[in-house]
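Asks: There's a structure below that I have some questions on.
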Amino acid sequence: MIKVEHLTKRYGNFTAVNDLSFEIEEGHVYGFLGPNGAGKSTTMNIMTGCLSATEGHVRIGGHDIFDEPDKAKKLMGYLPEQPPLYMNETPLEYLKFVGEAKGIKGRELAGQIKTVVERTRLEDVQNRLISKLSKGYRQRVGIAQALLGNPGVIILDEPTVGLDPIQIIEIRDLIKQLGQEHTVILSSHILSEVQAICEKVLIIVRGKLAAFDEPGNLEKLLTASNTVSFVAEAKVWEIEEILQEIEAVSDWQIKNPEDGRVRVDVRIDSGEANDICRSIFLAFAEKKRALLELTKKGANLEDVFIELTEGESEVAD
Ligand code: ADP
Ligand code: MG
């Protein structure tokens with residue numbers, strides 16, 4: 001359905017998108033996950049024909065976005081990060097304007113507007129000024145305009161940013177519903193969000209594809225870089241002796257041993273953090289050495305991203 005090949009975007013010396021290649025198949029909800037500045041919006045802007053590329057190709061349903069932009073664009077609806085809403089129009093006026101710009105006319109347009117207003121539940125506010133609408137409703141208007149023309153692919157850039165928790169749930173539900181009839185691609189910097197909505201996740205880091213997997217597998221990847229941290233009342237050599245006995249523990253860092261107290265960060269490569277905490281606790285208890293603290297530190301998404309791009313290239317396969 002969508003084929004992105006060796007896509008690169010440079011701004012001067014800065015490479016925002018770096019040799020990105022992936023394929024999107026029809027009928028799934030895909031997530032672009034990455035920290036701010038990773039290149040998600042740039043990629044989406046190029047895919048939708050809003051921005052030129054420095055190198056590479058994008059094909060939408062077989063049409064090259066640069067050579068046949070009109071044909072390619074007809075197959076996509078796009079909600080950019082900052083949707084160009086006209087504040088002194090009503091949703092109905094705005095949708096009419098966008099529909100006409102997409103080349104839809106007359107009765108066909110009226111019918112489509114009715115349908116998208118229903119699908120995005122805008123009925124109650126369709127005649128109110130957009131400037132008077134909440135951010136959640138404005139986002140629905142943005143999604144409604146993307147649906148005009150009934151494109152097979154809907155691309156949404158950070159659709160829940162700036163919304164309150166209830167609005168977030170409503171927009172997520174709406175996206176899931178759209179996923180039943182369209183191929184949906186959304187971007188987010190929030191792991192739990194893509195886990196909640198997406199069937200396939202592309203992790204983008206510094207313009208590169210770091211991983212492309214199902215959310216379930218991603219979790220394994222992410223928990224792989226968890227750490228367990230503890231403070232023990234013991235000598236460094238005693239701690240090392242104890243840790244060497246614990247099978248799932250292979251790598252640790254000892255920090256500022258003072259007053260006979262030692263802080264240790266244990267890296268978890270495999271296994272479950274709770275199991276490892278239990279093993280550490282029991283091993284120290286057995287040697288009659290006290291643990292003053294024992295905590296799990298979840299993987300920070302940013303750290304994981306950095307780790308994914310540094311060396312561990314096998315995760316990208
Ligand atoms: P994301 O959407 O993942 O947060 P963006 O695609 O917006 O990331 O940006 C990727 C990188 O490209 C960022 O470092 C950003 O500062 C840079 N960038 C984006 N647009 C421009 C531009 N017009 N000129 C220079 N740098 C830009
Ligand atoms: Mg962005």
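If you're wondering about the labels, chains in the structure tokens are A, B, ... by order shown, residues count from 1 in each chain, ligands from 1 in order shown.
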Within 8 Å of ligand 2, counting only C-alpha atoms and all ligand atoms, which protein or nucleic acid residues do you find, written as a PyMOL selection string?
Replies: chain A and resi 36-42+81+157-158+187
Asks: Give as a PyMOL selection string the residues surrounding ligand 1 up to a distance of 12 Å, considering only C-alpha atoms and all ligand atoms.
Replies: chain A and resi 8-18+32-47+51-52+80-82+156-159+161+186-190+202-209
Asks: Measure the distance from atom CA of A:Lys96 to atom CA of A:Val141 in Å and round it to one decimal.
Replies: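 Between atom CA of A:Lys96 and atom CA of A:Val141 the gap works out to 11.8 Å.
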Asks: With only C-alpha atoms as the counted atoms, please give the residues lying no more than 10 Å from A:Ala283, apart from itself and same-chain residues fewer than 6 positions off, as an MDAnalysis selection string.
Replies: chainID A and resid 239 242:243 245:246 277 289
Asks: Now that the selection is made, can you save its residues with C-alpha atoms as a CSV table (one decimal), in the first residue's frame?
Replies:
chain,number,residue,atom,x,y,z
A,239,ILE,CA,28.3,-7.7,46.9
A,242,ILE,CA,26.5,-12.5,45.9
A,243,LEU,CA,25.6,-11.0,42.5
A,245,GLU,CA,25.6,-16.3,42.1
A,246,ILE,CA,22.4,-14.9,40.6
A,277,CYS,CA,14.4,-8.3,42.9
A,289,ARG,CA,23.7,-8.5,54.6
Asks: Using only C-alpha atoms, determine which residues lie at most 10 Å from stretch 123-127 of chain A, disregarding the query and same-chain residues fewer than 5 positions distant; provide the list as a ChimeraX atom specification.
Replies: /A:89-95,114,116-118,132-133,137,141
Asks: Could you save the residues just selected, with all heavy atoms, as a compact mmCIF listing (two decimals), in the first residue's frame?
Replies:
# COMPACT_ATOMS: atom_id res chain seq x y z
N GLU A 89 -14.55 30.09 11.20
CA GLU A 89 -15.52 29.30 10.44
C GLU A 89 -16.14 28.26 11.37
O GLU A 89 -15.58 27.93 12.41
CB GLU A 89 -14.83 28.56 9.29
CG GLU A 89 -14.45 29.45 8.13
CD GLU A 89 -13.83 28.66 6.99
OE1 GLU A 89 -13.41 27.50 7.19
OE2 GLU A 89 -13.77 29.19 5.90
N THR A 90 -17.26 27.71 10.94
CA THR A 90 -17.84 26.58 11.67
C THR A 90 -17.28 25.31 11.04
O THR A 90 -16.77 25.33 9.92
CB THR A 90 -19.37 26.57 11.51
OG1 THR A 90 -19.67 26.30 10.12
CG2 THR A 90 -20.00 27.90 11.92
N PRO A 91 -17.36 24.18 11.77
CA PRO A 91 -16.90 22.92 11.19
C PRO A 91 -17.53 22.66 9.81
O PRO A 91 -16.83 22.24 8.89
CB PRO A 91 -17.34 21.87 12.21
CG PRO A 91 -17.28 22.61 13.51
CD PRO A 91 -17.74 24.01 13.18
N LEU A 92 -18.83 22.94 9.66
CA LEU A 92 -19.49 22.68 8.37
C LEU A 92 -18.87 23.51 7.25
O LEU A 92 -18.60 23.01 6.16
CB LEU A 92 -20.98 22.99 8.46
CG LEU A 92 -21.87 21.89 9.00
CD1 LEU A 92 -23.34 22.26 8.83
CD2 LEU A 92 -21.58 20.54 8.36
N GLU A 93 -18.65 24.82 7.55
CA GLU A 93 -18.05 25.70 6.54
C GLU A 93 -16.65 25.22 6.18
O GLU A 93 -16.26 25.17 5.01
CB GLU A 93 -17.99 27.16 7.06
CG GLU A 93 -19.35 27.83 7.14
CD GLU A 93 -19.34 29.10 7.99
OE1 GLU A 93 -18.36 29.33 8.73
OE2 GLU A 93 -20.32 29.84 7.92
N TYR A 94 -15.90 24.86 7.22
CA TYR A 94 -14.52 24.42 7.01
C TYR A 94 -14.47 23.13 6.18
O TYR A 94 -13.69 23.02 5.23
CB TYR A 94 -13.84 24.24 8.37
CG TYR A 94 -12.44 23.69 8.26
CD1 TYR A 94 -11.42 24.47 7.72
CD2 TYR A 94 -12.12 22.41 8.69
CE1 TYR A 94 -10.13 23.98 7.61
CE2 TYR A 94 -10.85 21.91 8.60
CZ TYR A 94 -9.85 22.70 8.05
OH TYR A 94 -8.58 22.20 7.94
N LEU A 95 -15.35 22.18 6.51
CA LEU A 95 -15.35 20.91 5.80
C LEU A 95 -15.75 21.11 4.33
O LEU A 95 -15.24 20.44 3.43
CB LEU A 95 -16.28 19.90 6.49
CG LEU A 95 -15.78 19.42 7.86
CD1 LEU A 95 -16.85 18.59 8.57
CD2 LEU A 95 -14.49 18.63 7.73
N LYS A 114 -21.83 14.97 5.71
CA LYS A 114 -22.75 14.37 6.68
C LYS A 114 -22.11 13.11 7.30
O LYS A 114 -22.14 12.91 8.51
CB LYS A 114 -24.06 14.03 5.97
CG LYS A 114 -25.17 13.60 6.90
CD LYS A 114 -26.52 13.66 6.18
CE LYS A 114 -27.66 13.22 7.09
NZ LYS A 114 -27.62 11.78 7.43
N VAL A 116 -18.85 12.21 7.47
CA VAL A 116 -17.67 12.40 8.33
C VAL A 116 -18.05 13.10 9.64
O VAL A 116 -17.44 12.83 10.68
CB VAL A 116 -16.51 13.16 7.62
CG1 VAL A 116 -16.04 12.39 6.39
CG2 VAL A 116 -16.86 14.59 7.27
N VAL A 117 -19.07 13.97 9.59
CA VAL A 117 -19.53 14.62 10.83
C VAL A 117 -20.08 13.56 11.78
O VAL A 117 -19.82 13.57 12.98
CB VAL A 117 -20.59 15.71 10.51
CG1 VAL A 117 -21.39 16.08 11.75
CG2 VAL A 117 -19.92 16.94 9.92
N GLU A 118 -20.80 12.59 11.23
CA GLU A 118 -21.33 11.51 12.07
C GLU A 118 -20.19 10.64 12.61
O GLU A 118 -20.17 10.30 13.79
CB GLU A 118 -22.29 10.63 11.26
CG GLU A 118 -23.68 11.23 11.14
CD GLU A 118 -24.55 10.50 10.12
OE1 GLU A 118 -24.18 9.37 9.69
OE2 GLU A 118 -25.59 11.07 9.74
N LYS A 132 -14.54 28.55 19.17
CA LYS A 132 -15.24 28.31 20.44
C LYS A 132 -15.16 26.84 20.87
O LYS A 132 -15.68 26.47 21.92
CB LYS A 132 -16.73 28.67 20.32
CG LYS A 132 -16.99 30.09 19.85
CD LYS A 132 -16.96 31.07 21.00
CE LYS A 132 -17.35 32.45 20.56
NZ LYS A 132 -16.33 33.46 20.98
N LEU A 133 -14.55 26.00 20.05
CA LEU A 133 -14.53 24.56 20.35
C LEU A 133 -13.34 24.20 21.23
O LEU A 133 -12.29 24.84 21.18
CB LEU A 133 -14.46 23.75 19.06
CG LEU A 133 -15.59 23.93 18.04
CD1 LEU A 133 -15.38 22.98 16.87
CD2 LEU A 133 -16.94 23.70 18.69
N TYR A 137 -12.55 18.75 20.36
CA TYR A 137 -13.45 18.89 19.21
C TYR A 137 -12.71 19.40 17.98
O TYR A 137 -12.98 18.99 16.86
CB TYR A 137 -14.63 19.81 19.55
CG TYR A 137 -15.79 19.05 20.13
CD1 TYR A 137 -16.20 19.22 21.44
CD2 TYR A 137 -16.49 18.13 19.34
CE1 TYR A 137 -17.26 18.50 21.97
CE2 TYR A 137 -17.54 17.40 19.85
CZ TYR A 137 -17.92 17.59 21.18
OH TYR A 137 -18.96 16.86 21.68
N VAL A 141 -12.47 17.85 14.20
CA VAL A 141 -12.67 18.55 12.94
C VAL A 141 -11.50 18.24 12.00
O VAL A 141 -11.68 17.97 10.81
CB VAL A 141 -12.79 20.09 13.16
CG1 VAL A 141 -12.92 20.81 11.83
CG2 VAL A 141 -13.99 20.41 14.05
Asks: Just the number, please: distance in Å from atom CA of A:His57 to atom CA of A:Gln180, one decimal.
Replies: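 It comes out at 27.8 Å.
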Asks: So, with only C-alpha atoms as the atoms that count, which of A:His6, A:Arg267, A:Arg278, A:Arg138 lies closest to A:Met87?
Replies: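 Of A:His6, A:Arg267, A:Arg278, A:Arg138, the one nearest A:Met87 is A:Arg138, counting only C-alpha atoms.
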Asks: As JSON, numbers by chain, which residues of stretch 113-258 of chain A does DSSP assign to helix (DSSP H, G or I)?
Replies: {"A": [113, 114, 115, 116, 117, 118, 119, 123, 124, 125, 130, 131, 132, 135, 136, 137, 138, 139, 140, 141, 142, 143, 144, 145, 146, 147, 165, 166, 167, 168, 169, 170, 171, 172, 173, 174, 175, 176, 177, 178, 191, 192, 193, 194, 195, 196, 197, 215, 216, 217, 218, 219, 220, 221, 222, 223, 236, 237, 238, 239, 240, 241, 242, 243, 244]}
Asks: Please report the interatomic distance between atom CA of A:Gly103 and atom CA of A:Gly77 in Å with one decimal.
Replies: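 Separation of atom CA of A:Gly103 and atom CA of A:Gly77: 13.5 Å.
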Asks: Could you check which of A:Val236, A:Val153, A:Ile185, A:Ala211 is closest to A:Ala72, using only C-alpha atoms?
Replies: A:Val153
